[in-house]
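Asker: First, the structure itself, so that you have it in front of you.
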Number of protein chains: 2
Amino acid sequence: MKRSFAELFSNTANKLQVSVIRELLKLTQKPEVISFAGGLPNPDAFPVPQIHEICPGVIDNPNALQYGTTEGVPELREALRKRMATKNVKCEIENIQITSGSQQALDILGRILLNPNDIVLTTCPTYLGAIQAFDFQSPRYELVEMDENSVIVEDFEARLEDIQKRGELNRLKFFYVTPTFHNPAGVTIPEKRRRQIIELCNAYDILVIEDDPYGELRYRGEDQPLLKSLDTEDRVVYLSTFSKILVPGFRIAWMVAPTDLIKKFIMAKQAVDLCTTTFTQYIGAEYLSRGYVDQHIKKIKEIYGRKMHIMLRSMAEYFPEEAQYAEPDGGMFVWVRLPEHINTIEIFPKVVEKNVAYVVGSAFYPNGKGLNTMRLNFTHPTDEKIEEGVKRLGNVLHEILK
Amino acid sequence: MKRSFAELFSNTANKLQVSVIRELLKLTQKPEVISFAGGLPNPDAFPVPQIHEICPGVIDNPNALQYGTTEGVPELREALRKRMATKNVKCEIENIQITSGSQQALDILGRILLNPNDIVLTTCPTYLGAIQAFDFQSPRYELVEMDENSVIVEDFEARLEDIQKRGELNRLKFFYVTPTFHNPAGVTIPEKRRRQIIELCNAYDILVIEDDPYGELRYRGEDQPLLKSLDTEDRVVYLSTFSKILVPGFRIAWMVAPTDLIKKFIMAKQAVDLCTTTFTQYIGAEYLSRGYVDQHIKKIKEIYGRKMHIMLRSMAEYFPEEAQYAEPDGGMFVWVRLPEHINTIEIFPKVVEKNVAYVVGSAFYPNGKGLNTMRLNFTHPTDEKIEEGVKRLGNVLHEILK
């Protein structure tokens with residue numbers, strides 16, 4: 001080509017830049033590095049024997065090898081309808097849409113809901129993948145503060161009042177939130193706050209996207225009700241995934257949403273990938289209908305609960321007290337806040353030099369803040385490496401802070 | 001919600017409408033209908049025993065169950081690099097990108113290449129799924145006429161001259177074409193025309209998207225060289241898929257493209273679905289590296305070649321001579337042109353009444369033309385149903401035309 005690709009690329013494409021994190025993560029590829037940077041499930045938590053049992057029957061089902069409907073495999077959607085009912089979410093199979101990972105749900109929801117300059121209300125920090133998906137549509141972000149109990153309701157209400165005062169409620173398309181074991185912050189919204197949030201969303205007529213990839217991964221404390229289960233006005237779009245309760249490599253997730261939204265979603269998804277992998281959808285359907293899922297979630301919780309305990313115990317032992325963090329009750333991450341004058345991007349090379357790695361927290365701030373924060377994953381490394389890695393990281397932090 | 005979804009939806013979403021075809025196809029769901037409307041491979045052509053052999057080893061590979069890289073599984077990309085070399089396409093593994101079906105490649109290429117009102121040059125008719133994907137970006141279409149040998153080079157050059165005269169060559173982002181066993185037209189570009197097209201693309205500096213889902217499915221005649229194999233200036237983006245040579249339900253396809261394009265593609269795909277199903281990518285890699293693919297393609301060609309022969313023989317016997325069609329040498333479709341005064345949308349209910357169905361050809365015309373055309377699929381119905389269906393369709397056509 002004589003024309004450069006910069007000339008050929010769309011404005012959207014030219015805005016896409018290599019993320020800082022991806023670049024930093026390249027530094028962590030050496031085998032000697034203990035990485036708390038990823039968000040990967042642990043292979044020990046994969047139900048390999050169950051998959052071996054399920055697969056042969058699925059291979060012999062021609063529908064599992066053929067193109068599927070855009071909405072998803074009926075057997076899987078029906079099994080999910082039943083499962084959602086056990087979580088006090090009553091819906092019809094028509095309300096359940098299968099997606100190629102929850103990332104696809106975020107991308108398509110952004111495409112069908114957001115015009116440029118529309119407003120996305122979300123937490124600060126928020127899930128990086130959601131920012132990346134929504135950014136395609138060039139929205140503005142209105143950010144809600146969190147504490148150790150996640151969303152601060154007073155600040156949530158204040159944001160809504162601001163937007164209303166500016167006469168922009170019509171530009172506010174949805175509130176995106178991970179209520180349980182927040183990524184990256186690790187925190188969970190207690191029931192009382194959930195009810196207050198739903199009331200405010202009813203009062204201000206706000207659509208909610210409840211992203212719930214980790215809800216099943218509670219290692220202590222009481223389950224809190226899903227926002228969707230408190231939703232009396234069909235305004236909550238619920239997202240969850242098999243990536244943490246089965247395996248990520250199958251790329252199957254689901255959305256529970258109002259039928260009007262799903263109808264439009266299907267039209268968009270048809271042009272995006274026709275349908276989600278039918279083969280793994282059928283494996284997922286069997287995994288649910290044979291009742292393997294709940295037995296196996298017990299095992300996952302044992303493994304991850306132990307790892308979380310090791311990480312928290314090690315942090316208590318090796319981290320300087322200037323490093324603040326809320327102890328999560330589940331999920332995959334611990335969120336660490338260092339003194340304001342520390343920049344986790346700047347100290348990253350020094351940390352990697354000691355063969356340990358984290359994700360810089362600022363990646364999760366649409367407003368470029370959070371420079372003094374970091375996210376630590378405890379599900380992927382071995383128990384020994386968790387303790388050793390925390391020790392190494394603690395030593396660097398002591399050095400830097402002394 | 002008090003707000004209607006029409007208020008919440010983006011302009012893009014409000015433009016998405018239920019396609020005529022989808023609505024018409026609903027009429028064909030009854031079991032007694034013999035449908036030539038789909039584009040489905042035949043389950044008899046699925047390599048079930050080979051998948052049984054491959055699966056257990058893949059399940060025992062933790063990488064096949066974990067998240068994968070956005071570019072795709074290295075083992076699969078390397079196997080595809082070797083395969084492309086046998087088709088005289090020399091490239092590095094960095095030039096090979098795995099996608100969640102070719103539909104995803106079309107969607108992401110549209111997103112990273114097209115601004116609103118940019119020009120897409122394509123054939124008339126052209127692949128419906130490509131129109132649906134590109135339409136997200138609201139491009140203009142410049143259409144090239146075809147004959148029984150596909151793209152008419154003189155018309156292709158005339159279109160390029162027009163665009164140049166209008167000073168819009170910079171708005172022309174790519175030429176999208178299915179050179180071999182065109183969907184829907186069934187025609188194939190001969191080598192001489194391929195060379196002329198590449199020369200014109202070099203002269204006018206045009207990017208080409210070569211969509212090649214059916215290239216392996218030749219039942220008679222000589223293979224024609226891939227446009228990509230004639231490309232000396234790295235301006236051809238090649239797309240192919242496992243949907244027709246393995247199974248569609250795995251949702252794995254690949255793209256061969258310049259590294260600058262792939263780098264941007266990866267950034268976009270990361271936000272779109274993180275990665276393609278790793279589990280089925282590993283099955284695909286084994287299917288290639290064990291050499292099953294070429295043995296199995298022989299079997300597919302036997303089955304589909306027989307079905308094509310049955311359909312063409314039946315059409316010769318039962319269709320009125322006013323129904324014109326070019327006999328394809330491969331692929332999945334026969335394209336039929338009726339007299340100008342016949343509208344295949346209007347006669348569709350009458351046809352379905354006789355329990356047979358086709359796809360209305362106008363669906364494949366971005367300009368709403370082709371009202372007198374229809375696409376017939378011969379790969380999915382049983383041999384008996386092909387003959388019986390063609391007979392029924394022929395009878396209706398005789399009635400309508402008498």
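Residue numbering restarts at 1 in every chain; chains get A, B, ... in the order shown in the structure tokens, and ligands count up from 1 in that same order.
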Counting only C-alpha atoms, which residues of region 221-333 of chain B sit at most 9 Å from some atom of region 67-78 of chain A, and what is each one's closest atom pair with its distance in Å to one decimal, listed by chain and rising residue number, as a Markdown table?
Answerer:
```
| residue | atom | partner | partner_atom | distance |
| --- | --- | --- | --- | --- |
| B:Ser243 | CA | A:Tyr67 | CA | 8.5 |
| B:Val247 | CA | A:Tyr67 | CA | 8.3 |
| B:Pro248 | CA | A:Tyr67 | CA | 5.4 |
| B:Gly249 | CA | A:Tyr67 | CA | 5.2 |
| B:Phe250 | CA | A:Tyr67 | CA | 8.6 |
| B:Arg251 | CA | A:Tyr67 | CA | 8.4 |
```
Asker: Once you have the residues from the selection above, write them out as a PDB file, in the first residue's frame, restricted to N, CA and C atoms.
Answerer:
```
ATOM      1  N   SER B 243     -15.701 -22.963   9.352  1.00  0.00           N
ATOM      2  CA  SER B 243     -17.123 -23.304   9.393  1.00  0.00           C
ATOM      3  C   SER B 243     -17.511 -24.301   8.310  1.00  0.00           C
ATOM      4  N   VAL B 247     -16.389 -27.479  11.457  1.00  0.00           N
ATOM      5  CA  VAL B 247     -17.803 -27.265  11.813  1.00  0.00           C
ATOM      6  C   VAL B 247     -18.023 -25.791  12.158  1.00  0.00           C
ATOM      7  N   PRO B 248     -19.228 -25.270  11.865  1.00  0.00           N
ATOM      8  CA  PRO B 248     -19.522 -23.863  12.187  1.00  0.00           C
ATOM      9  C   PRO B 248     -19.643 -23.615  13.688  1.00  0.00           C
ATOM     10  N   GLY B 249     -20.062 -24.659  14.425  1.00  0.00           N
ATOM     11  CA  GLY B 249     -20.332 -24.500  15.851  1.00  0.00           C
ATOM     12  C   GLY B 249     -19.109 -24.185  16.690  1.00  0.00           C
ATOM     13  N   PHE B 250     -17.914 -24.322  16.098  1.00  0.00           N
ATOM     14  CA  PHE B 250     -16.681 -23.976  16.833  1.00  0.00           C
ATOM     15  C   PHE B 250     -16.385 -22.486  16.757  1.00  0.00           C
ATOM     16  N   ARG B 251     -16.998 -21.789  15.784  1.00  0.00           N
ATOM     17  CA  ARG B 251     -16.827 -20.345  15.606  1.00  0.00           C
ATOM     18  C   ARG B 251     -15.358 -19.939  15.551  1.00  0.00           C
TER      19      ARG B 251
END
```
Asker: Can you list every residue of chain A that has an atom at most 6 Å from chain B, with its nearest atom pair and the distance in Å to one decimal, using only C-alpha atoms, ordered by chain then number, as a tab-separated table?
Answerer:
```
residue	atom	partner	partner_atom	distance
A:Met1	CA	B:Arg235	CA	5.6
A:Leu8	CA	B:Leu113	CA	6.0
A:Phe9	CA	B:Leu113	CA	4.5
A:Ser10	CA	B:Leu113	CA	4.7
A:Ala13	CA	B:Ile112	CA	4.7
A:Leu65	CA	B:Gly249	CA	4.2
A:Gln66	CA	B:Gly249	CA	4.7
A:Tyr67	CA	B:Gly249	CA	5.2
A:Gln103	CA	B:Asp273	CA	5.1
A:Gln104	CA	B:Asp273	CA	5.0
A:Asp107	CA	B:Val272	CA	5.6
A:Ile112	CA	B:Ala13	CA	4.6
A:Leu113	CA	B:Phe9	CA	4.4
A:Leu114	CA	B:Ser10	CA	5.1
A:Asn115	CA	B:Ser10	CA	5.2
A:Gln132	CA	B:Ala271	CA	5.4
A:Ala133	CA	B:Ala271	CA	5.0
A:Glu233	CA	B:Met1	CA	5.9
A:Arg235	CA	B:Met1	CA	5.6
A:Val247	CA	B:Leu65	CA	5.6
A:Pro248	CA	B:Gln66	CA	5.3
A:Gly249	CA	B:Leu65	CA	4.2
A:Phe250	CA	B:Thr277	CA	5.4
A:Arg251	CA	B:Thr277	CA	5.4
A:Ala271	CA	B:Ala133	CA	5.0
A:Val272	CA	B:Gln104	CA	5.4
A:Asp273	CA	B:Gln104	CA	5.0
A:Thr277	CA	B:Arg251	CA	5.4
A:Thr278	CA	B:Gly249	CA	4.9
A:Phe279	CA	B:Gly249	CA	5.5
```
Asker: From a DSSP calculation on the backbone, collect every residue of region 27-239 of chain A in alpha helix (DSSP H) and output the set as a ChimeraX atom specification.
Answerer: /A:48-59,62-65,74-85,101-113,128-135,153-165,191-204
Asker: Show me, as a list of chain:residue names, the residues that have an atom within 12 Å of Tyr219 (chain B) when counting only C-alpha atoms, minus same-chain residues fewer than 2 positions from it.
Answerer: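 Residues meeting the cut-off are B:Phe181, B:Tyr214, B:Gly215, B:Glu216, B:Leu217, B:Gly221, B:Glu222, B:Asp223, B:Ile297, B:Lys298, B:Lys299, B:Ile300, B:Lys301, B:Glu302, B:Ile303, B:Tyr304, B:Gly305, B:Arg306, B:Lys307, B:Met308, B:His309, B:Glu327, B:Pro328, B:Asp329, B:Gly330, B:Gly331, B:Met332.
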Asker: Tell me, as a list of chain:residue names, which residues lie within 10 Å of Asn395 (chain A), counting only C-alpha atoms; anything in the same chain fewer than 5 positions away does not count.
Answerer: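 Selected residues are A:Tyr318, A:Phe319, A:Pro320, A:Val351, A:Lys354, A:Gly389, A:Val390, A:Ile400, A:Leu401.
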Asker: Mind listing the strand (DSSP E or B) residues of region 23-259 of chain A, per DSSP on the backbone, as a PyMOL selection string?
Answerer: chain A and resi 34-35+96-99+119-124+140-147+150-151+172-177+208-211+218+236-241+253-256
Asker: May I have the residues from that selection written out with C-alpha atoms, as a PDB file, in the first residue's frame?
Answerer:
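Just written: selection-v2.pdb:
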```pdb
ATOM      1  CA  ILE A  34       5.361 -13.827  40.467  1.00  0.00           C
ATOM      2  CA  SER A  35       2.431 -12.035  38.871  1.00  0.00           C
ATOM      3  CA  ILE A  96     -31.927 -14.610  28.515  1.00  0.00           C
ATOM      4  CA  GLN A  97     -29.294 -13.836  25.883  1.00  0.00           C
ATOM      5  CA  ILE A  98     -26.061 -15.799  25.493  1.00  0.00           C
ATOM      6  CA  THR A  99     -22.941 -13.727  24.742  1.00  0.00           C
ATOM      7  CA  ILE A 119     -23.270   9.858  29.897  1.00  0.00           C
ATOM      8  CA  VAL A 120     -22.195   6.597  31.535  1.00  0.00           C
ATOM      9  CA  LEU A 121     -22.546   6.649  35.314  1.00  0.00           C
ATOM     10  CA  THR A 122     -20.145   4.240  37.000  1.00  0.00           C
ATOM     11  CA  THR A 123     -17.986   3.717  40.065  1.00  0.00           C
ATOM     12  CA  CYS A 124     -14.531   5.180  40.552  1.00  0.00           C
ATOM     13  CA  ARG A 140     -18.647  10.993  29.036  1.00  0.00           C
ATOM     14  CA  TYR A 141     -18.171   9.295  32.411  1.00  0.00           C
ATOM     15  CA  GLU A 142     -19.823  10.499  35.610  1.00  0.00           C
ATOM     16  CA  LEU A 143     -18.043   8.835  38.514  1.00  0.00           C
ATOM     17  CA  VAL A 144     -19.419   7.720  41.878  1.00  0.00           C
ATOM     18  CA  GLU A 145     -17.140   7.427  44.925  1.00  0.00           C
ATOM     19  CA  MET A 146     -16.818   4.159  46.857  1.00  0.00           C
ATOM     20  CA  ASP A 147     -15.825   3.217  50.403  1.00  0.00           C
ATOM     21  CA  SER A 150     -18.635  -0.014  47.719  1.00  0.00           C
ATOM     22  CA  VAL A 151     -20.954   2.664  46.273  1.00  0.00           C
ATOM     23  CA  LEU A 172     -27.493   9.483  31.016  1.00  0.00           C
ATOM     24  CA  LYS A 173     -27.984   6.048  29.439  1.00  0.00           C
ATOM     25  CA  PHE A 174     -27.118   3.697  32.306  1.00  0.00           C
ATOM     26  CA  PHE A 175     -25.371   3.085  35.628  1.00  0.00           C
ATOM     27  CA  TYR A 176     -22.682   0.413  35.193  1.00  0.00           C
ATOM     28  CA  VAL A 177     -21.639  -1.356  38.408  1.00  0.00           C
ATOM     29  CA  VAL A 208     -28.682  -0.305  35.418  1.00  0.00           C
ATOM     30  CA  ILE A 209     -26.064  -2.728  34.075  1.00  0.00           C
ATOM     31  CA  GLU A 210     -25.261  -5.149  36.910  1.00  0.00           C
ATOM     32  CA  ASP A 211     -22.008  -6.958  36.063  1.00  0.00           C
ATOM     33  CA  ARG A 218     -17.910 -15.824  48.242  1.00  0.00           C
ATOM     34  CA  VAL A 236     -31.681  -3.835  35.585  1.00  0.00           C
ATOM     35  CA  VAL A 237     -29.670  -5.622  32.893  1.00  0.00           C
ATOM     36  CA  TYR A 238     -27.855  -8.506  34.581  1.00  0.00           C
ATOM     37  CA  LEU A 239     -24.572  -9.940  33.248  1.00  0.00           C
ATOM     38  CA  SER A 240     -22.799 -13.080  34.387  1.00  0.00           C
ATOM     39  CA  THR A 241     -20.376 -15.600  32.947  1.00  0.00           C
ATOM     40  CA  ALA A 253     -21.667 -15.719  29.303  1.00  0.00           C
ATOM     41  CA  TRP A 254     -25.275 -14.596  29.673  1.00  0.00           C
ATOM     42  CA  MET A 255     -27.401 -11.509  30.017  1.00  0.00           C
ATOM     43  CA  VAL A 256     -30.833 -11.162  31.621  1.00  0.00           C
TER      44      VAL A 256
END
```
Asker: Extract, using only C-alpha atoms, all DNA, RNA and protein residues at most 12 Å from Glu317 (chain A), discarding same-chain residues fewer than 3 positions from it, and format them as a PyMOL selection string.
Answerer: chain A and resi 310-314+320-321+323+387-388+390-395
Asker: Restricted to N, CA, C and O atoms, what would the selected residues look like written as a compact mmCIF listing (two decimals), in the first residue's frame?
Answerer:
```
# COMPACT_ATOMS: atom_id res chain seq x y z
N ILE A 310 -4.30 -16.69 52.46
CA ILE A 310 -2.83 -16.62 52.42
C ILE A 310 -2.37 -15.22 52.03
O ILE A 310 -1.46 -14.64 52.64
N MET A 311 -3.02 -14.65 51.03
CA MET A 311 -2.60 -13.31 50.59
C MET A 311 -2.82 -12.28 51.69
O MET A 311 -1.93 -11.50 52.02
N LEU A 312 -4.00 -12.30 52.31
CA LEU A 312 -4.31 -11.31 53.35
C LEU A 312 -3.38 -11.48 54.55
O LEU A 312 -2.86 -10.51 55.10
N ARG A 313 -3.13 -12.75 54.91
CA ARG A 313 -2.23 -13.01 56.04
C ARG A 313 -0.82 -12.49 55.71
O ARG A 313 -0.18 -11.82 56.51
N SER A 314 -0.39 -12.76 54.46
CA SER A 314 0.95 -12.32 54.07
C SER A 314 1.03 -10.80 54.00
O SER A 314 2.04 -10.20 54.39
N PRO A 320 3.94 -2.59 54.57
CA PRO A 320 4.02 -1.45 55.49
C PRO A 320 2.61 -0.97 55.83
O PRO A 320 1.71 -1.11 55.01
N GLU A 321 2.45 -0.39 57.01
CA GLU A 321 1.07 -0.02 57.40
C GLU A 321 0.53 1.14 56.57
O GLU A 321 -0.68 1.36 56.50
N ALA A 323 0.31 1.07 53.54
CA ALA A 323 -0.46 0.45 52.44
C ALA A 323 -1.83 0.05 52.98
O ALA A 323 -1.94 -0.81 53.85
N GLU A 387 2.58 -16.11 48.99
CA GLU A 387 3.30 -15.62 50.16
C GLU A 387 4.63 -14.99 49.75
O GLU A 387 4.94 -13.86 50.14
N GLU A 388 5.38 -15.68 48.88
CA GLU A 388 6.68 -15.16 48.46
C GLU A 388 6.53 -13.84 47.72
O GLU A 388 7.28 -12.88 47.96
N VAL A 390 4.06 -11.60 47.90
CA VAL A 390 3.65 -10.53 48.81
C VAL A 390 4.85 -10.06 49.63
O VAL A 390 5.05 -8.86 49.84
N LYS A 391 5.69 -11.01 50.02
CA LYS A 391 6.91 -10.67 50.78
C LYS A 391 7.80 -9.76 49.94
O LYS A 391 8.21 -8.68 50.38
N ARG A 392 8.04 -10.15 48.67
CA ARG A 392 8.88 -9.33 47.79
C ARG A 392 8.29 -7.94 47.61
O ARG A 392 8.97 -6.92 47.75
N LEU A 393 6.98 -7.91 47.35
CA LEU A 393 6.32 -6.63 47.12
C LEU A 393 6.38 -5.77 48.38
O LEU A 393 6.71 -4.58 48.33
N GLY A 394 6.14 -6.43 49.53
CA GLY A 394 6.22 -5.72 50.80
C GLY A 394 7.58 -5.09 51.01
O GLY A 394 7.69 -3.92 51.40
N ASN A 395 8.63 -5.84 50.70
CA ASN A 395 9.99 -5.31 50.88
C ASN A 395 10.22 -4.07 50.03
O ASN A 395 10.78 -3.08 50.50
```
Asker: Would you mind reading off the distance between CA of Leu338 (chain B) and CA of Ala37 (chain B), one decimal, in Å?
Answerer: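 These atoms are spaced 16.7 Å apart.
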Asker: Between CA of Leu25 (chain A) and CA of Thr178 (chain A), what is the distance, to one decimal in Å?
Answerer: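 Interatomic distance, CA of Leu25 (chain A) to CA of Thr178 (chain A): 24.1 Å.
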Asker: Report as a list in words all protein, DNA and RNA residues lying within 8 Å of Ala79 (chain A), evaluated on only C-alpha atoms, omitting residues in the same chain fewer than 5 positions from it.
Answerer: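 The contact residues come out as Ala285, Leu288 and Ser289 of chain A.
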